[in-house]
file run_36.pdb (PDB, C-alpha atoms)
ATOM      1  CA  MET Q 250      34.898  47.020 -52.164  1.00  0.00           C
ATOM      2  CA  GLY Q 251      38.101  45.347 -53.382  1.00  0.00           C
ATOM      3  CA  SER Q 252      37.468  42.296 -55.556  1.00  0.00           C
ATOM      4  CA  SER Q 253      37.530  41.708 -59.314  1.00  0.00           C
ATOM      5  CA  ALA Q 254      34.251  39.779 -59.016  1.00  0.00           C
ATOM      6  CA  LEU Q 255      32.601  43.134 -58.400  1.00  0.00           C
ATOM      7  CA  ASP Q 256      33.409  44.166 -61.976  1.00  0.00           C
ATOM      8  CA  ASP Q 257      31.693  41.150 -63.550  1.00  0.00           C
ATOM      9  CA  ALA Q 258      27.957  41.323 -64.213  1.00  0.00           C
ATOM     10  CA  PHE Q 259      27.616  37.600 -63.484  1.00  0.00           C
ATOM     11  CA  THR Q 260      29.382  37.592 -60.111  1.00  0.00           C
ATOM     12  CA  VAL Q 261      28.704  41.010 -58.588  1.00  0.00           C
ATOM     13  CA  PRO Q 262      26.584  40.453 -55.447  1.00  0.00           C
ATOM     14  CA  HIS Q 263      22.944  41.498 -55.295  1.00  0.00           C
ATOM     15  CA  PHE Q 264      22.479  42.380 -51.650  1.00  0.00           C
ATOM     16  CA  ALA Q 265      18.743  43.036 -52.071  1.00  0.00           C
ATOM     17  CA  SER Q 266      18.317  39.333 -52.899  1.00  0.00           C
ATOM     18  CA  SER Q 267      20.978  37.915 -50.597  1.00  0.00           C
ATOM     19  CA  VAL Q 268      21.063  35.572 -47.611  1.00  0.00           C
ATOM     20  CA  LEU Q 269      23.514  35.595 -44.720  1.00  0.00           C
ATOM     21  CA  LEU Q 270      24.906  32.148 -43.861  1.00  0.00           C
ATOM     22  CA  VAL Q 271      26.528  32.064 -40.405  1.00  0.00           C
ATOM     23  CA  ILE Q 272      28.446  28.823 -40.237  1.00  0.00           C
ATOM     24  CA  ASP Q 273      29.283  26.721 -37.152  1.00  0.00           C
ATOM     25  CA  THR Q 274      29.465  29.623 -34.721  1.00  0.00           C
ATOM     26  CA  GLN Q 275      28.725  27.375 -31.748  1.00  0.00           C
ATOM     27  CA  VAL Q 276      29.880  27.434 -28.140  1.00  0.00           C
ATOM     28  CA  ASP Q 277      32.170  24.403 -28.433  1.00  0.00           C
ATOM     29  CA  PHE Q 278      34.131  26.120 -31.221  1.00  0.00           C
ATOM     30  CA  LEU Q 279      34.664  29.336 -29.234  1.00  0.00           C
ATOM     31  CA  ASP Q 280      37.369  30.094 -26.696  1.00  0.00           C
ATOM     32  CA  GLY Q 281      36.789  27.862 -23.677  1.00  0.00           C
ATOM     33  CA  GLY Q 282      34.736  25.357 -25.665  1.00  0.00           C
ATOM     34  CA  ALA Q 283      35.400  21.662 -26.127  1.00  0.00           C
ATOM     35  CA  SER Q 284      37.074  22.139 -29.530  1.00  0.00           C
ATOM     36  CA  PRO Q 285      37.962  25.823 -29.951  1.00  0.00           C
ATOM     37  CA  ILE Q 286      38.857  27.171 -33.395  1.00  0.00           C
ATOM     38  CA  ALA Q 287      41.408  29.939 -33.029  1.00  0.00           C
ATOM     39  CA  GLY Q 288      40.113  33.379 -33.924  1.00  0.00           C
ATOM     40  CA  THR Q 289      36.417  32.501 -33.949  1.00  0.00           C
ATOM     41  CA  SER Q 290      35.601  34.297 -30.690  1.00  0.00           C
ATOM     42  CA  ASP Q 291      37.415  37.369 -32.011  1.00  0.00           C
ATOM     43  CA  ARG Q 292      35.126  37.421 -35.050  1.00  0.00           C
ATOM     44  CA  LEU Q 293      31.895  37.542 -33.045  1.00  0.00           C
ATOM     45  CA  PRO Q 294      31.534  41.357 -32.954  1.00  0.00           C
ATOM     46  CA  GLU Q 295      31.672  41.566 -36.756  1.00  0.00           C
ATOM     47  CA  ILE Q 296      29.305  38.611 -37.137  1.00  0.00           C
ATOM     48  CA  VAL Q 297      26.865  40.379 -34.814  1.00  0.00           C
ATOM     49  CA  ARG Q 298      27.109  43.510 -36.995  1.00  0.00           C
ATOM     50  CA  LEU Q 299      26.255  41.467 -40.067  1.00  0.00           C
ATOM     51  CA  ILE Q 300      23.320  39.763 -38.387  1.00  0.00           C
ATOM     52  CA  GLU Q 301      21.888  43.041 -37.147  1.00  0.00           C
ATOM     53  CA  ALA Q 302      22.246  44.566 -40.614  1.00  0.00           C
ATOM     54  CA  TYR Q 303      20.400  41.638 -42.175  1.00  0.00           C
ATOM     55  CA  ARG Q 304      17.670  41.843 -39.552  1.00  0.00           C
ATOM     56  CA  SER Q 305      17.266  45.554 -40.184  1.00  0.00           C
ATOM     57  CA  ALA Q 306      17.039  44.972 -43.928  1.00  0.00           C
ATOM     58  CA  GLY Q 307      14.502  42.175 -43.516  1.00  0.00           C
ATOM     59  CA  ARG Q 308      16.783  39.761 -45.368  1.00  0.00           C
ATOM     60  CA  PRO Q 309      17.038  36.055 -44.447  1.00  0.00           C
ATOM     61  CA  ILE Q 310      19.656  34.641 -42.085  1.00  0.00           C
ATOM     62  CA  VAL Q 311      20.541  30.953 -41.827  1.00  0.00           C
ATOM     63  CA  HIS Q 312      22.580  29.724 -38.859  1.00  0.00           C
ATOM     64  CA  VAL Q 313      24.210  26.544 -40.162  1.00  0.00           C
ATOM     65  CA  ILE Q 314      25.421  24.192 -37.425  1.00  0.00           C
ATOM     66  CA  ARG Q 315      27.068  20.845 -36.692  1.00  0.00           C
ATOM     67  CA  LEU Q 316      25.681  18.176 -34.377  1.00  0.00           C
ATOM     68  CA  TYR Q 317      27.994  15.210 -33.810  1.00  0.00           C
ATOM     69  CA  ASP Q 318      26.040  12.100 -32.893  1.00  0.00           C
ATOM     70  CA  GLY Q 319      26.682   8.472 -33.802  1.00  0.00           C
ATOM     71  CA  ASP Q 320      28.515   7.756 -37.043  1.00  0.00           C
ATOM     72  CA  ASP Q 321      26.894  10.464 -39.168  1.00  0.00           C
ATOM     73  CA  VAL Q 322      30.076  12.520 -38.807  1.00  0.00           C
ATOM     74  CA  ASP Q 323      33.007  13.381 -41.084  1.00  0.00           C
ATOM     75  CA  LEU Q 324      35.424  10.457 -41.337  1.00  0.00           C
ATOM     76  CA  VAL Q 325      38.254  12.519 -39.868  1.00  0.00           C
ATOM     77  CA  ARG Q 326      36.253  12.996 -36.639  1.00  0.00           C
ATOM     78  CA  ARG Q 327      34.425   9.680 -36.486  1.00  0.00           C
ATOM     79  CA  ALA Q 328      36.967   7.891 -34.278  1.00  0.00           C
ATOM     80  CA  ALA Q 329      36.979  10.729 -31.754  1.00  0.00           C
ATOM     81  CA  ILE Q 330      33.183  10.773 -31.525  1.00  0.00           C
ATOM     82  CA  ARG Q 331      33.034   6.974 -31.204  1.00  0.00           C
ATOM     83  CA  ASN Q 332      35.569   7.226 -28.395  1.00  0.00           C
ATOM     84  CA  GLY Q 333      33.366   9.633 -26.463  1.00  0.00           C
ATOM     85  CA  ALA Q 334      34.523  13.111 -27.480  1.00  0.00           C
ATOM     86  CA  ARG Q 335      31.893  15.573 -26.265  1.00  0.00           C
ATOM     87  CA  ILE Q 336      31.817  18.046 -29.153  1.00  0.00           C
ATOM     88  CA  VAL Q 337      28.578  19.773 -30.255  1.00  0.00           C
ATOM     89  CA  ARG Q 338      26.548  16.848 -28.955  1.00  0.00           C
ATOM     90  CA  PRO Q 339      22.790  17.172 -29.516  1.00  0.00           C
ATOM     91  CA  GLY Q 340      21.185  18.848 -26.520  1.00  0.00           C
ATOM     92  CA  SER Q 341      24.490  19.982 -25.008  1.00  0.00           C
ATOM     93  CA  ALA Q 342      25.382  23.522 -24.006  1.00  0.00           C
ATOM     94  CA  GLY Q 343      28.359  23.349 -26.361  1.00  0.00           C
ATOM     95  CA  ALA Q 344      26.126  22.771 -29.375  1.00  0.00           C
ATOM     96  CA  ARG Q 345      24.279  26.030 -28.807  1.00  0.00           C
ATOM     97  CA  ILE Q 346      24.794  28.964 -31.129  1.00  0.00           C
ATOM     98  CA  ALA Q 347      26.947  31.706 -29.582  1.00  0.00           C
ATOM     99  CA  PRO Q 348      24.437  33.597 -27.398  1.00  0.00           C
ATOM    100  CA  SER Q 349      25.327  37.030 -28.778  1.00  0.00           C
ATOM    101  CA  LEU Q 350      24.136  35.978 -32.231  1.00  0.00           C
ATOM    102  CA  LEU Q 351      20.525  35.266 -31.293  1.00  0.00           C
ATOM    103  CA  ARG Q 352      17.910  37.668 -29.978  1.00  0.00           C
ATOM    104  CA  GLY Q 353      16.996  35.136 -27.324  1.00  0.00           C
ATOM    105  CA  ALA Q 354      20.274  34.071 -25.723  1.00  0.00           C
ATOM    106  CA  ASP Q 355      18.525  31.111 -24.104  1.00  0.00           C
ATOM    107  CA  VAL Q 356      17.274  29.615 -27.394  1.00  0.00           C
ATOM    108  CA  GLU Q 357      17.320  25.825 -27.203  1.00  0.00           C
ATOM    109  CA  LEU Q 358      18.114  23.966 -30.397  1.00  0.00           C
ATOM    110  CA  ASP Q 359      15.510  21.400 -31.397  1.00  0.00           C
ATOM    111  CA  SER Q 360      17.909  18.555 -32.160  1.00  0.00           C
ATOM    112  CA  ASP Q 361      15.169  16.152 -33.262  1.00  0.00           C
ATOM    113  CA  VAL Q 362      13.864  18.553 -35.906  1.00  0.00           C
ATOM    114  CA  LEU Q 363      17.332  19.546 -37.068  1.00  0.00           C
ATOM    115  CA  LEU Q 364      18.730  16.013 -37.305  1.00  0.00           C
ATOM    116  CA  ALA Q 365      15.652  14.981 -39.286  1.00  0.00           C
ATOM    117  CA  GLY Q 366      16.549  17.603 -41.903  1.00  0.00           C
ATOM    118  CA  GLY Q 367      14.133  20.301 -40.788  1.00  0.00           C
ATOM    119  CA  MET Q 368      14.714  23.973 -40.088  1.00  0.00           C
ATOM    120  CA  GLN Q 369      14.152  25.618 -36.724  1.00  0.00           C
ATOM    121  CA  ARG Q 370      12.832  29.160 -36.859  1.00  0.00           C
ATOM    122  CA  VAL Q 371      14.515  31.514 -34.364  1.00  0.00           C
ATOM    123  CA  GLY Q 372      13.347  34.856 -35.747  1.00  0.00           C
ATOM    124  CA  THR Q 373      11.139  36.488 -38.365  1.00  0.00           C
ATOM    125  CA  ASN Q 374      13.570  35.768 -41.207  1.00  0.00           C
ATOM    126  CA  GLU Q 375      15.990  33.627 -39.240  1.00  0.00           C
ATOM    127  CA  VAL Q 376      16.376  29.845 -39.150  1.00  0.00           C
ATOM    128  CA  VAL Q 377      18.805  27.183 -37.940  1.00  0.00           C
ATOM    129  CA  LEU Q 378      19.893  24.363 -40.244  1.00  0.00           C
ATOM    130  CA  TRP Q 379      21.965  21.248 -39.473  1.00  0.00           C
ATOM    131  CA  LYS Q 380      24.524  20.066 -41.992  1.00  0.00           C
ATOM    132  CA  PRO Q 381      25.984  16.572 -41.625  1.00  0.00           C
ATOM    133  CA  ARG Q 382      29.249  17.345 -43.438  1.00  0.00           C
ATOM    134  CA  TRP Q 383      31.365  20.325 -44.523  1.00  0.00           C
ATOM    135  CA  SER Q 384      29.045  22.098 -46.964  1.00  0.00           C
ATOM    136  CA  ALA Q 385      25.789  23.776 -45.982  1.00  0.00           C
ATOM    137  CA  PHE Q 386      24.300  22.409 -49.227  1.00  0.00           C
ATOM    138  CA  TYR Q 387      25.152  18.747 -48.665  1.00  0.00           C
ATOM    139  CA  ARG Q 388      22.092  16.666 -47.664  1.00  0.00           C
ATOM    140  CA  THR Q 389      20.203  19.773 -46.574  1.00  0.00           C
ATOM    141  CA  PRO Q 390      17.158  21.664 -47.906  1.00  0.00           C
ATOM    142  CA  LEU Q 391      19.177  24.897 -48.185  1.00  0.00           C
ATOM    143  CA  ASP Q 392      19.131  25.243 -51.967  1.00  0.00           C
ATOM    144  CA  GLU Q 393      15.374  24.685 -52.190  1.00  0.00           C
ATOM    145  CA  TYR Q 394      14.779  27.115 -49.312  1.00  0.00           C
ATOM    146  CA  LEU Q 395      16.862  29.861 -50.940  1.00  0.00           C
ATOM    147  CA  ARG Q 396      15.209  29.387 -54.336  1.00  0.00           C
ATOM    148  CA  GLU Q 397      11.793  29.756 -52.716  1.00  0.00           C
ATOM    149  CA  LEU Q 398      12.946  33.043 -51.172  1.00  0.00           C
ATOM    150  CA  GLY Q 399      14.276  34.351 -54.484  1.00  0.00           C
ATOM    151  CA  VAL Q 400      17.858  34.461 -53.172  1.00  0.00           C
ATOM    152  CA  ASP Q 401      20.623  34.682 -55.763  1.00  0.00           C
ATOM    153  CA  THR Q 402      23.515  35.850 -53.531  1.00  0.00           C
ATOM    154  CA  VAL Q 403      25.063  33.968 -50.618  1.00  0.00           C
ATOM    155  CA  VAL Q 404      27.032  35.914 -47.989  1.00  0.00           C
ATOM    156  CA  VAL Q 405      29.214  33.643 -45.856  1.00  0.00           C
ATOM    157  CA  ALA Q 406      30.656  34.278 -42.390  1.00  0.00           C
ATOM    158  CA  GLY Q 407      31.491  32.189 -39.333  1.00  0.00           C
ATOM    159  CA  CYS Q 408      33.914  29.537 -38.198  1.00  0.00           C
ATOM    160  CA  ASN Q 409      36.981  27.898 -39.753  1.00  0.00           C
ATOM    161  CA  PHE Q 410      37.199  29.065 -43.358  1.00  0.00           C
ATOM    162  CA  PRO Q 411      39.246  26.176 -44.824  1.00  0.00           C
ATOM    163  CA  ASN Q 412      36.616  23.615 -43.841  1.00  0.00           C
ATOM    164  CA  CYS Q 413      32.897  24.393 -43.802  1.00  0.00           C
ATOM    165  CA  PRO Q 414      32.783  27.984 -45.119  1.00  0.00           C
ATOM    166  CA  ARG Q 415      35.049  27.097 -48.051  1.00  0.00           C
ATOM    167  CA  ALA Q 416      33.078  23.939 -48.901  1.00  0.00           C
ATOM    168  CA  THR Q 417      29.874  25.980 -48.774  1.00  0.00           C
ATOM    169  CA  ILE Q 418      31.360  28.608 -51.092  1.00  0.00           C
ATOM    170  CA  PHE Q 419      32.375  25.964 -53.626  1.00  0.00           C
ATOM    171  CA  ASP Q 420      28.917  24.366 -53.558  1.00  0.00           C
ATOM    172  CA  ALA Q 421      27.167  27.744 -53.816  1.00  0.00           C
ATOM    173  CA  SER Q 422      29.273  28.564 -56.867  1.00  0.00           C
ATOM    174  CA  GLU Q 423      28.356  25.216 -58.455  1.00  0.00           C
ATOM    175  CA  ARG Q 424      24.704  26.175 -58.053  1.00  0.00           C
ATOM    176  CA  ASP Q 425      25.253  29.558 -59.736  1.00  0.00           C
ATOM    177  CA  TYR Q 426      24.815  31.691 -56.644  1.00  0.00           C
ATOM    178  CA  ARG Q 427      26.744  34.923 -56.447  1.00  0.00           C
ATOM    179  CA  VAL Q 428      29.041  34.543 -53.436  1.00  0.00           C
ATOM    180  CA  VAL Q 429      30.544  36.870 -50.841  1.00  0.00           C
ATOM    181  CA  VAL Q 430      32.907  35.858 -48.060  1.00  0.00           C
ATOM    182  CA  VAL Q 431      33.175  38.380 -45.238  1.00  0.00           C
ATOM    183  CA  GLU Q 432      36.889  38.440 -44.491  1.00  0.00           C
ATOM    184  CA  ASP Q 433      36.855  39.925 -40.996  1.00  0.00           C
ATOM    185  CA  ALA Q 434      33.821  37.911 -39.879  1.00  0.00           C
ATOM    186  CA  THR Q 435      35.214  34.461 -40.735  1.00  0.00           C
ATOM    187  CA  SER Q 436      37.923  32.697 -38.739  1.00  0.00           C
ATOM    188  CA  GLN Q 437      41.010  30.945 -40.137  1.00  0.00           C
ATOM    189  CA  ILE Q 438      41.196  32.926 -43.383  1.00  0.00           C
ATOM    190  CA  THR Q 439      44.648  33.169 -44.942  1.00  0.00           C
ATOM    191  CA  PRO Q 440      45.631  34.922 -48.198  1.00  0.00           C
ATOM    192  CA  ASP Q 441      46.223  31.680 -50.116  1.00  0.00           C
ATOM    193  CA  ARG Q 442      42.946  30.104 -49.005  1.00  0.00           C
ATOM    194  CA  LEU Q 443      41.060  33.279 -49.820  1.00  0.00           C
ATOM    195  CA  ALA Q 444      42.705  33.464 -53.243  1.00  0.00           C
ATOM    196  CA  ASP Q 445      41.308  30.034 -54.099  1.00  0.00           C
ATOM    197  CA  ALA Q 446      37.784  31.254 -53.387  1.00  0.00           C
ATOM    198  CA  VAL Q 447      38.285  34.522 -55.271  1.00  0.00           C
ATOM    199  CA  ARG Q 448      39.349  32.578 -58.368  1.00  0.00           C
ATOM    200  CA  LEU Q 449      35.872  31.024 -58.363  1.00  0.00           C
ATOM    201  CA  GLY Q 450      34.311  34.481 -58.614  1.00  0.00           C
ATOM    202  CA  THR Q 451      33.807  34.981 -54.877  1.00  0.00           C
ATOM    203  CA  CYS Q 452      33.781  38.575 -53.645  1.00  0.00           C
ATOM    204  CA  ALA Q 453      35.957  39.058 -50.561  1.00  0.00           C
ATOM    205  CA  LEU Q 454      34.613  41.989 -48.560  1.00  0.00           C
ATOM    206  CA  PRO Q 455      34.917  43.379 -45.028  1.00  0.00           C
ATOM    207  CA  THR Q 456      31.910  43.685 -42.744  1.00  0.00           C
ATOM    208  CA  GLU Q 457      31.785  47.442 -43.173  1.00  0.00           C
ATOM    209  CA  ALA Q 458      31.332  47.143 -46.941  1.00  0.00           C
ATOM    210  CA  VAL Q 459      28.577  44.533 -46.636  1.00  0.00           C
ATOM    211  CA  VAL Q 460      26.711  46.583 -44.024  1.00  0.00           C
ATOM    212  CA  HIS Q 461      27.018  49.685 -46.195  1.00  0.00           C
ATOM    213  CA  GLU Q 462      25.811  47.943 -49.348  1.00  0.00           C
ATOM    214  CA  LEU Q 463      22.937  46.255 -47.553  1.00  0.00           C
ATOM    215  CA  ALA Q 464      21.784  49.544 -46.041  1.00  0.00           C
ATOM    216  CA  ALA Q 465      21.749  51.110 -49.505  1.00  0.00           C
ATOM    217  CA  GLU Q 466      19.287  48.508 -50.798  1.00  0.00           C
ATOM    218  CA  PRO Q 467      15.495  48.796 -50.428  1.00  0.00           C
ATOM    219  CA  THR Q 468      14.328  47.133 -47.238  1.00  0.00           C
ATOM    220  CA  THR Q 469      12.353  43.925 -47.757  1.00  0.00           C
ATOM    221  CA  ARG Q 470      10.055  42.223 -45.309  1.00  0.00           C
ATOM    222  CA  ARG Q 471       9.014  38.586 -45.525  1.00  0.00           C
TER
END
call {"tool": "encode", "arguments": {"input": "run_36.pdb", "output": "structure tokens"}}
result
Amino acid sequence: MGSSALDDAFTVPHFASSVLLVIDTQVDFLDGGASPIAGTSDRLPEIVRLIEAYRSAGRPIVHVIRLYDGDDVDLVRRAAIRNGARIVRPGSAGARIAPSLLRGADVELDSDVLLAGGMQRVGTNEVVLWKPRWSAFYRTPLDEYLRELGVDTVVVAGCNFPNCPRATIFDASERDYRVVVVEDATSQITPDRLADAVRLGTCALPTEAVVHELAAEPTTRR
């Protein structure tokens, strides 16, 4: 487990009280999708390993997604959406979570619930959450949800590290969560971008280390 944050009592992750955040791992961002993010499809096997480990441990999983509809979209994408770009549109096949990540590959997202700020349950300890901008904490009930579950450690994986995963890491740190980024289960990581996160006290770990540490913790069921 190679990160200086592991040597600090205030930043070392507590996997027994952790959540897995899987960010923007949707069909349109995979190879062959409407707006593919290079490397995301290649990360799916490791993301699946993480999800299965969290399911086995009875720990919560939050699939955080984008839905581009109307003008409630990042400024940098607003013109494209206004001009008809069909990217993660509510109700579209491209907005779906990558099928391998859910136990029911045919799970339909409830866009009305999600866009209204609700959570859609897709498993015993597994929910979907819509975020309107980069961070999973911005205009969402995520922080309140995690506090209710007694979570103090956020484990981040998924799509396009410099955008939504990185923004989520920064916001988690501001809220005093212990933070882990799973290097081989997150696309578009580079050494300089990762170094920025590590300077905040983020632990950078491979999937194997997270799975091992999680398995060593007492199993919890909620």
call {"tool": "closest_residue", "arguments": {"input": "run_36.pdb", "among": "Q:Pro411, Q:Arg382, Q:Val261, Q:Val460", "to": "Q:Ala444", "atoms": "all atoms listed in the file"}}
result
Q:Pro411
call {"tool": "atom_distance", "arguments": {"input": "run_36.pdb", "atom1": "atom CA of Q:Ile310", "atom2": "atom CA of Q:Val271"}}
result
7.5 Å
call {"tool": "resolve_selection", "arguments": {"input": "run_36.pdb", "expression": "the PyMOL selection byres ((chain Q and resi 319-333) around 9)", "output": "JSON list (two decimals) with C-alpha atoms, in the coordinates of the input"}}
result
[["chain", "number", "residue", "atom", "x", "y", "z"],
["Q", 316, "LEU", "CA", 25.68, 18.18, -34.38],
["Q", 317, "TYR", "CA", 27.99, 15.21, -33.81],
["Q", 318, "ASP", "CA", 26.04, 12.10, -32.89],
["Q", 334, "ALA", "CA", 34.52, 13.11, -27.48],
["Q", 335, "ARG", "CA", 31.89, 15.57, -26.26],
["Q", 336, "ILE", "CA", 31.82, 18.05, -29.15],
["Q", 381, "PRO", "CA", 25.98, 16.57, -41.62],
["Q", 382, "ARG", "CA", 29.25, 17.34, -43.44],
["Q", 383, "TRP", "CA", 31.36, 20.32, -44.52]]
call {"tool": "resolve_selection", "arguments": {"input": "run_36.pdb", "expression": "the PyMOL selection byres ((chain Q and resi 344) around 10)", "output": "list in words"}}
result
Asp273, Thr274, Gln275, Val276, Asp277, Phe278, Gly282, Ala283, Ile314, Arg315, Leu316, Tyr317, Arg335, Ile336, Val337, Arg338, Pro339, Gly340, Ser341, Ala342, Gly343, Arg345, Ile346, Ala347, Glu357, Leu358 and Ser360 of chain Q
call {"tool": "resolve_selection", "arguments": {"input": "run_36.pdb", "expression": "the PyMOL selection byres ((chain Q and resi 392-401) around 6)", "output": "JSON list (two decimals) with C-alpha atoms, in the frame of the given file"}}
result
[["chain", "number", "residue", "atom", "x", "y", "z"],
["Q", 266, "SER", "CA", 18.32, 39.33, -52.90],
["Q", 267, "SER", "CA", 20.98, 37.92, -50.60],
["Q", 390, "PRO", "CA", 17.16, 21.66, -47.91],
["Q", 391, "LEU", "CA", 19.18, 24.90, -48.18],
["Q", 402, "THR", "CA", 23.52, 35.85, -53.53],
["Q", 426, "TYR", "CA", 24.82, 31.69, -56.64]]
call {"tool": "atom_distance", "arguments": {"input": "run_36.pdb", "atom1": "atom CA of Q:Pro348", "atom2": "atom CA of Q:Arg388"}}
result
26.5 Å
call {"tool": "closest_residue", "arguments": {"input": "run_36.pdb", "among": "Q:Asn374, Q:Leu443, Q:Asp425, Q:Trp379", "to": "Q:Val362", "atoms": "only C-alpha atoms"}}
result
Q:Trp379
call {"tool": "closest_residue", "arguments": {"input": "run_36.pdb", "among": "Q:Gly281, Q:Asp257, Q:Val297, Q:Asp291", "to": "Q:Thr456", "atoms": "only C-alpha atoms"}}
result
Q:Val297
call {"tool": "residues_near_point", "arguments": {"input": "run_36.pdb", "point": "(12.2, 39.0, -32.4)", "cutoff": "7 Å", "atoms": "all atoms listed in the file", "output": "PDB file with C-alpha atoms, in the frame of the given file"}}
result
ATOM      1  CA  ARG Q 352      17.910  37.668 -29.978  1.00  0.00           C
ATOM      2  CA  GLY Q 372      13.347  34.856 -35.747  1.00  0.00           C
ATOM      3  CA  THR Q 373      11.139  36.488 -38.365  1.00  0.00           C
TER       4      THR Q 373
END
call {"tool": "residues_near_point", "arguments": {"input": "run_36.pdb", "point": "(27.4, 43.3, -49.3)", "cutoff": "8 Å", "atoms": "all atoms listed in the file", "output": "NGL selection string"}}
result
:Q and (262-264 or 404 or 429 or 454 or 456 or 458-463)
call {"tool": "atom_distance", "arguments": {"input": "run_36.pdb", "atom1": "atom CA of Q:Arg448", "atom2": "atom CA of Q:Arg298"}}
result
26.9 Å
call {"tool": "decode", "arguments": {"input": "run_36.pdb", "residues": "stretch 325-342 of chain Q", "atoms": "N, CA and C atoms", "output": "JSON list (two decimals), in the first residue's frame"}}
result
[["chain", "number", "residue", "atom", "x", "y", "z"],
["Q", 325, "VAL", "N", -19.10, 24.27, -20.12],
["Q", 325, "VAL", "CA", -18.26, 23.84, -21.24],
["Q", 325, "VAL", "C", -19.00, 22.89, -22.19],
["Q", 326, "ARG", "N", -20.09, 22.29, -21.73],
["Q", 326, "ARG", "CA", -20.86, 21.36, -22.57],
["Q", 326, "ARG", "C", -22.22, 21.91, -22.97],
["Q", 327, "ARG", "N", -22.58, 23.07, -22.45],
["Q", 327, "ARG", "CA", -23.93, 23.57, -22.63],
["Q", 327, "ARG", "C", -24.27, 23.83, -24.10],
["Q", 328, "ALA", "N", -23.33, 24.40, -24.84],
["Q", 328, "ALA", "CA", -23.59, 24.68, -26.26],
["Q", 328, "ALA", "C", -23.85, 23.39, -27.03],
["Q", 329, "ALA", "N", -23.04, 22.37, -26.75],
["Q", 329, "ALA", "CA", -23.21, 21.10, -27.46],
["Q", 329, "ALA", "C", -24.57, 20.48, -27.18],
["Q", 330, "ILE", "N", -25.00, 20.53, -25.92],
["Q", 330, "ILE", "CA", -26.29, 19.95, -25.56],
["Q", 330, "ILE", "C", -27.42, 20.76, -26.19],
["Q", 331, "ARG", "N", -27.31, 22.09, -26.16],
["Q", 331, "ARG", "CA", -28.33, 22.93, -26.80],
["Q", 331, "ARG", "C", -28.43, 22.64, -28.30],
["Q", 332, "ASN", "N", -27.29, 22.29, -28.89],
["Q", 332, "ASN", "CA", -27.26, 22.04, -30.33],
["Q", 332, "ASN", "C", -27.62, 20.61, -30.69],
["Q", 333, "GLY", "N", -28.07, 19.84, -29.70],
["Q", 333, "GLY", "CA", -28.61, 18.52, -29.99],
["Q", 333, "GLY", "C", -27.71, 17.34, -29.74],
["Q", 334, "ALA", "N", -26.55, 17.54, -29.12],
["Q", 334, "ALA", "CA", -25.67, 16.40, -28.83],
["Q", 334, "ALA", "C", -26.39, 15.38, -27.96],
["Q", 335, "ARG", "N", -26.34, 14.13, -28.38],
["Q", 335, "ARG", "CA", -27.06, 13.06, -27.67],
["Q", 335, "ARG", "C", -26.10, 12.33, -26.75],
["Q", 336, "ILE", "N", -25.80, 12.93, -25.61],
["Q", 336, "ILE", "CA", -24.86, 12.36, -24.65],
["Q", 336, "ILE", "C", -25.57, 12.17, -23.32],
["Q", 337, "VAL", "N", -25.54, 10.99, -22.79],
["Q", 337, "VAL", "CA", -26.20, 10.59, -21.53],
["Q", 337, "VAL", "C", -27.54, 11.31, -21.34],
["Q", 338, "ARG", "N", -28.35, 11.28, -22.36],
["Q", 338, "ARG", "CA", -29.69, 11.87, -22.28],
["Q", 338, "ARG", "C", -30.58, 11.02, -21.37],
["Q", 339, "PRO", "N", -31.41, 11.64, -20.54],
["Q", 339, "PRO", "CA", -32.32, 10.87, -19.70],
["Q", 339, "PRO", "C", -33.14, 9.88, -20.51],
["Q", 340, "GLY", "N", -33.18, 8.64, -20.05],
["Q", 340, "GLY", "CA", -33.94, 7.61, -20.72],
["Q", 340, "GLY", "C", -33.24, 6.93, -21.88],
["Q", 341, "SER", "N", -32.06, 7.40, -22.26],
["Q", 341, "SER", "CA", -31.35, 6.81, -23.40],
["Q", 341, "SER", "C", -30.52, 5.60, -22.97],
["Q", 342, "ALA", "N", -30.22, 4.76, -23.95],
["Q", 342, "ALA", "CA", -29.36, 3.60, -23.68],
["Q", 342, "ALA", "C", -27.96, 4.06, -23.26]]
